[in-house]
Amino acid sequence: MSKAKRVGSYIFLSICSIFSAFPLYWMVVSATNKSTDVIAGRLIPGNYLIQNWVALLKAQKVGEAMWNSFKYSILLTLLSLFICSLAGYGFEIYHTKGKDMVMKVVLLAMMVPFAATMIPLFQMFSKAGLLNTALGFILPSISTPFLIMMFRQSARSFPHEMIDAARVDGLNEFQIFLQMFFPTMKSTYAAAMTITFMNAWNAYLWPKIIMTNGKSLTMPMLIANLKAGYVTDYGQMMLGVTLCCLPTIVIFFLLQKNFANGITGAVKG
Amino acid sequence: MADKNARVLKNGYSLEKKEKRTGWIFLMPAVILIAIMSFYPMVRALILSFQTGVGKNMAWTGLSNYIRMFQDKLFIQSLMNTFLYLLIQVPLMLVLALILATMLNNKNLRCKGLFRTLIFLPCATSLVSYAIIFRSLFANDGFVNHVLEAMGLIGTPVAWLTTTWTARLVIIIALIWRWTGYNMVFYLAGLQNIDYSVYEAAAIDGASPWTTFWKITAPLLKPTILLTAIMSTNGTLQLFDESVNLTNGGPANTTLTMSHYIYNLSFQGSPNFGYASALAFVILILVAILAFVQMKVGDTRE
């Protein structure tokens with residue numbers, strides 16, 4: 001690569017990096033500044049964080065929304081990982097023609113847009129008394145074709161000799177799954193965990209539909225409500241937005257590799 | 001099936017049969033959930049789309065919901081808006097992601113990890129969060145107007161979010177910001193599967209980067225490009241969070257997306273589940289058609 005081209009690459013990548021990072025930098029900095037300073041274009045951290053914090057807690061039930069979001073997201077992630085990995089394992093290890101057919105049908109569900117199912121789902125859930133409940137929040141997203149496919153793919157690299165050896169040792173099929181497959185596939189589970197938690201944490205449309213009593217707010221719903229009044233309090237609002245992003249940003253930095261694998265659904269050994 | 005090697009267990013089942021049954025037990029919870037939470041509601045929505053009424057008093061109405069949508073100016077507006085995003089934002093984003101991935105795949109590049117992390121970072125924000133961030137940045141008293149005024153480029157604040165075309169532009173910029181890194185990660189994963197020596201050989205043969213891209217990268221990445229195109233199309237047709245939280249569909253519904261309109265019809269004011277379901281089925285059919293077309297196009301370029 002010639003020198004000019006290399007310099008060009010660096011400039012282009014730098015511009016894109018700044019464009020990508022700036023809105024998040026602005027969000028964090030604005031959370032520490034007074035609203036009038038934010039409007040005045042202040043780009044360095046200020047000392048107004050505590051005042052914004054007090055104002056936000058006074059205006060919104062942040063603690064409750066945080067608790068709800070964590071509760072729903074963790075519950076959904078655990079259930080989803082268990083059920084989808086069990087299915088992916090079942091599809092691959094015990095595969096038969098019949099199961100392959102079922103898998104094809106399952107994959108079709110990927111193409112069903114949520115708009116086409118949300119109205120009947122709402123009707124079903126209100127009839128079953130699941131509005132404003134944790135179960136109502138998690139049920140539609142526990143089993144996803146994407147995760148089943150991901151676990152099925154990683155089960156492909158799980159050696160059959162290990163299964164045979166475990167059988168000789170007297171383990172039953174479920175024990176083999178739990179004691180052999182689960183520990184071997186840690187990276188797949190980590191990737192699946194990041195993407196599932198992320199999607200659960202960010203869910204907005206479905207909770208907006210079924211959390212009808214205004215009490216079971218989640219963080220995305222809470223920050224969407226932060227626009228009351230004629231004058232927007234930017235400091236307070238950006239603090240709320242920062243709090244909503246914090247858990248996923250922490251996961252992003254701690255588990256970036258798993259996160260990327262979770263998105264693409266491809267995990268290698 | 002008479003399998004001579006079948007190992008017979010004490011209870012009379014052959015091991016193969018027992019394994020097959022275990023397999024079904026393992027995958028049943030997930031399959032049943034998908035059937036109840038995805039396929040059953042889809043069929044219900046199809047039935048609803050031929051009905052009209054409120055609550056339990058639904059009556060058959062034939063195709064009238066489907067005929068009504070052609071006279072519904074708001075629906076046509078939301079369809080046009082959604083396709084505008086689809087035709088401008090998706091190609092721009094995918095090309096940008098591909099350029100970035102190709103650049104970052106260069107072995108001699110320094111600070112690769114830093115660039116990749118920063119460009120990928122927007123994926124860590126929730127959809128509602130980034131919609132609010134962009135709404136604030138482009139507000140009348142927001143940062144963008146402040147900078148433009150300070151630079152002397154504008155005299156009075158631009159009303160970004162309350163003017164049709166600038167509001168659409170802001171949504172497109174926001175979408176590109178949030179999803180370019182996401183698609184780039186797919187391309188980077190795909191590029192890793194291409195042996196780097198192929199590029200070195202091409203460089204020795206004097207191939208320009210442009211030729212290298214079209215002759216090596218593009219054909220080998222085709223399955224990934226196809227996948228991202230289908231995913232982005234699917235995602236754009238279902239755009240909701242951004243439309244609600246960035247512009248609230250305004251000004252005068254010129255940024256309203258289809259999913260947003262369906263939500264409004266179903267859960268705002270007097271609900272109209274029948275008509276909303278008919279519109280939802282239009283999205284479903286569009287997703288299916290566009291995925292099919294993209295797969296066909298992807299196939300013929302062998």
# chains A, B, ... in the order shown; residues from 1 in each chain; ligands from 1
$ residues_around --residues "segment 192-196 of chain A" --least-positions-apart "4" --cutoff "9 Å" --atoms "only C-alpha atoms" --output "PyMOL selection string"
chain A and resi 73+76-78+80-81+147+150-151+187-188+200-201+248+251-252+255+258-263+265
$ residues_around --residues "Phe22 of chain A" --least-positions-apart "2" --cutoff "12 Å" --atoms "only C-alpha atoms" --output "number ranges by chain"
A: 14-20, 24-30, 43; B: 118-119, 121-122, 130, 133-134, 137, 143-144, 177
$ residues_around --residues "Asn108 of chain B" --least-positions-apart "6" --cutoff "12 Å" --atoms "only C-alpha atoms" --output "PDB file with N, CA and C atoms, in the first residue's frame"
ATOM      1  N   MET A   1       0.839  -1.194   0.000  1.00  0.00           N
ATOM      2  CA  MET A   1       0.000   0.000   0.000  1.00  0.00           C
ATOM      3  C   MET A   1       0.878   1.249   0.000  1.00  0.00           C
ATOM      4  N   SER A   2       0.576   2.166  -0.890  1.00  0.00           N
ATOM      5  CA  SER A   2       1.377   3.380  -0.955  1.00  0.00           C
ATOM      6  C   SER A   2       1.121   4.249   0.265  1.00  0.00           C
ATOM      7  N   LYS A   3       2.039   5.189   0.488  1.00  0.00           N
ATOM      8  CA  LYS A   3       1.958   6.009   1.690  1.00  0.00           C
ATOM      9  C   LYS A   3       0.694   6.871   1.686  1.00  0.00           C
ATOM     10  N   ARG A   6      -2.267   4.885   2.588  1.00  0.00           N
ATOM     11  CA  ARG A   6      -2.311   4.528   4.005  1.00  0.00           C
ATOM     12  C   ARG A   6      -2.788   5.715   4.837  1.00  0.00           C
ATOM     13  N   SER A   9      -6.432   6.009   4.509  1.00  0.00           N
ATOM     14  CA  SER A   9      -7.141   5.037   5.350  1.00  0.00           C
ATOM     15  C   SER A   9      -7.243   5.535   6.782  1.00  0.00           C
ATOM     16  N   TYR A  10      -6.087   6.025   7.306  1.00  0.00           N
ATOM     17  CA  TYR A  10      -6.091   6.488   8.694  1.00  0.00           C
ATOM     18  C   TYR A  10      -7.050   7.653   8.889  1.00  0.00           C
TER      19      TYR A  10
ATOM     20  N   TYR B 196      -5.222 -14.693   3.850  1.00  0.00           N
ATOM     21  CA  TYR B 196      -4.602 -13.404   3.562  1.00  0.00           C
ATOM     22  C   TYR B 196      -3.598 -13.487   2.412  1.00  0.00           C
ATOM     23  N   GLU B 200      -2.015 -11.015  -0.770  1.00  0.00           N
ATOM     24  CA  GLU B 200      -0.609 -10.736  -1.023  1.00  0.00           C
ATOM     25  C   GLU B 200      -0.237 -11.120  -2.454  1.00  0.00           C
TER      26      GLU B 200
END
$ interface_residues --of "chain A" --to "chain B" --cutoff "7 Å" --atoms "only C-alpha atoms" --output "PyMOL selection string"
chain A and resi 9+13+16-17+20-21+23+27+39+41+83-84+86-87+90-91+94+109+111-113+115-117+119-121+140+143+202+220+224+241+245+248-249+252+260+264
$ atom_distance --atom1 "atom CA of Asp233 of chain A" --atom2 "atom CA of Ala65 of chain A"
19.8 Å
$ residues_around --residues "Ala31 of chain A" --least-positions-apart "6" --cutoff "6 Å" --atoms "only C-alpha atoms" --output "PyMOL selection string"
chain A and resi 235+238-239
$ residues_around --residues "Thr82 of chain B" --least-positions-apart "6" --cutoff "12 Å" --atoms "only C-alpha atoms" --output "number ranges by chain"
B: 75-76, 88-90, 168, 171-172, 233-240, 242-243, 249, 253-261, 283, 286
$ residues_around --residues "Lys34 of chain A" --least-positions-apart "3" --cutoff "10 Å" --atoms "only C-alpha atoms" --output "list in words"
Ser30, Ala31, Asp37, Val38, Ile39, Ala40, Arg42, Gly46, Asn47, Tyr48, Leu49, Gln51, Asn52, Asp233, Tyr234, Gly235 and Gln236 of chain A
$ write_last_selection --atoms "C-alpha atoms" --output "CSV table (one decimal), in the first residue's frame"
chain,number,residue,atom,x,y,z
A,30,SER,CA,-23.9,16.1,29.3
A,31,ALA,CA,-25.0,14.0,32.3
A,37,ASP,CA,-24.4,24.5,29.8
A,38,VAL,CA,-25.3,21.6,27.6
A,39,ILE,CA,-27.3,24.0,25.4
A,40,ALA,CA,-24.3,26.3,25.4
A,42,ARG,CA,-20.0,22.6,26.8
A,46,GLY,CA,-18.8,19.4,34.7
A,47,ASN,CA,-19.7,19.1,38.4
A,48,TYR,CA,-23.5,19.0,38.1
A,49,LEU,CA,-23.8,15.2,38.2
A,51,GLN,CA,-27.9,17.8,41.1
A,52,ASN,CA,-28.9,15.9,37.9
A,233,ASP,CA,-33.6,19.3,31.1
A,234,TYR,CA,-30.8,17.9,29.0
A,235,GLY,CA,-28.5,17.1,32.0
A,236,GLN,CA,-31.2,15.1,33.7
$ select_by_dssp --residues "segment 88-199 of chain A" --states "alpha helix (DSSP H)" --output "ChimeraX atom specification"
/A:88-93,97-108,115-127,134-138,145-155,160-168,173-176,182-184,186-199
$ atom_distance --atom1 "atom CA of Ser154 of chain A" --atom2 "atom CA of Phe82 of chain A"
14.6 Å
$ atom_distance --atom1 "atom CA of Trp67 of chain A" --atom2 "atom CA of Ser141 of chain A"
19.5 Å
$ select_by_dssp --residues "segment 49-295 of chain B" --states "strand (DSSP E or B)" --output "VMD selection string"
chain B and resid 51 to 54 57 to 60
$ closest_residue --among "A:Leu135, A:Met101, A:Ile148, A:Ala55" --to "Tyr89 of chain A" --atoms "only C-alpha atoms"
A:Ile148
$ residues_around --residues "Asn68 of chain A" --least-positions-apart "4" --cutoff "12 Å" --atoms "only C-alpha atoms" --output "PDB file with C-alpha atoms, in the first residue's frame"
ATOM      1  CA  LYS A  61     -38.727   5.884  39.601  1.00  0.00           C
ATOM      2  CA  VAL A  62     -35.269   5.011  38.353  1.00  0.00           C
ATOM      3  CA  GLY A  63     -34.521   2.394  41.000  1.00  0.00           C
ATOM      4  CA  GLU A  64     -37.698   0.506  40.228  1.00  0.00           C
ATOM      5  CA  TYR A  72     -36.735  -9.374  33.259  1.00  0.00           C
ATOM      6  CA  SER A  73     -33.468  -9.453  31.316  1.00  0.00           C
ATOM      7  CA  ILE A  74     -31.674 -11.934  33.577  1.00  0.00           C
ATOM      8  CA  LEU A  75     -34.706 -14.205  33.827  1.00  0.00           C
ATOM      9  CA  LEU A  76     -35.188 -14.163  30.067  1.00  0.00           C
ATOM     10  CA  ASN A 132     -47.943  -6.286  33.622  1.00  0.00           C
ATOM     11  CA  THR A 133     -46.156  -9.486  34.597  1.00  0.00           C
ATOM     12  CA  ALA A 134     -42.579 -10.675  34.199  1.00  0.00           C
ATOM     13  CA  PHE A 137     -42.523  -9.790  29.217  1.00  0.00           C
ATOM     14  CA  ILE A 138     -40.340 -12.847  28.633  1.00  0.00           C
ATOM     15  CA  ALA A 200     -33.978  -8.160  26.467  1.00  0.00           C
ATOM     16  CA  TRP A 201     -32.566  -4.999  28.030  1.00  0.00           C
ATOM     17  CA  PRO A 207     -43.148  -3.922  27.018  1.00  0.00           C
ATOM     18  CA  MET A 211     -46.996  -3.020  30.628  1.00  0.00           C
ATOM     19  CA  LYS A 215     -46.028   0.689  37.170  1.00  0.00           C
ATOM     20  CA  SER A 216     -43.868  -2.032  35.637  1.00  0.00           C
ATOM     21  CA  LEU A 217     -41.666   0.398  33.704  1.00  0.00           C
ATOM     22  CA  THR A 218     -38.362  -0.749  32.210  1.00  0.00           C
ATOM     23  CA  MET A 219     -35.390   1.577  31.604  1.00  0.00           C
ATOM     24  CA  PRO A 220     -36.064   2.182  27.876  1.00  0.00           C
ATOM     25  CA  MET A 221     -39.681   3.051  28.719  1.00  0.00           C
ATOM     26  CA  LEU A 222     -38.556   5.361  31.508  1.00  0.00           C
TER      27      LEU A 222
END
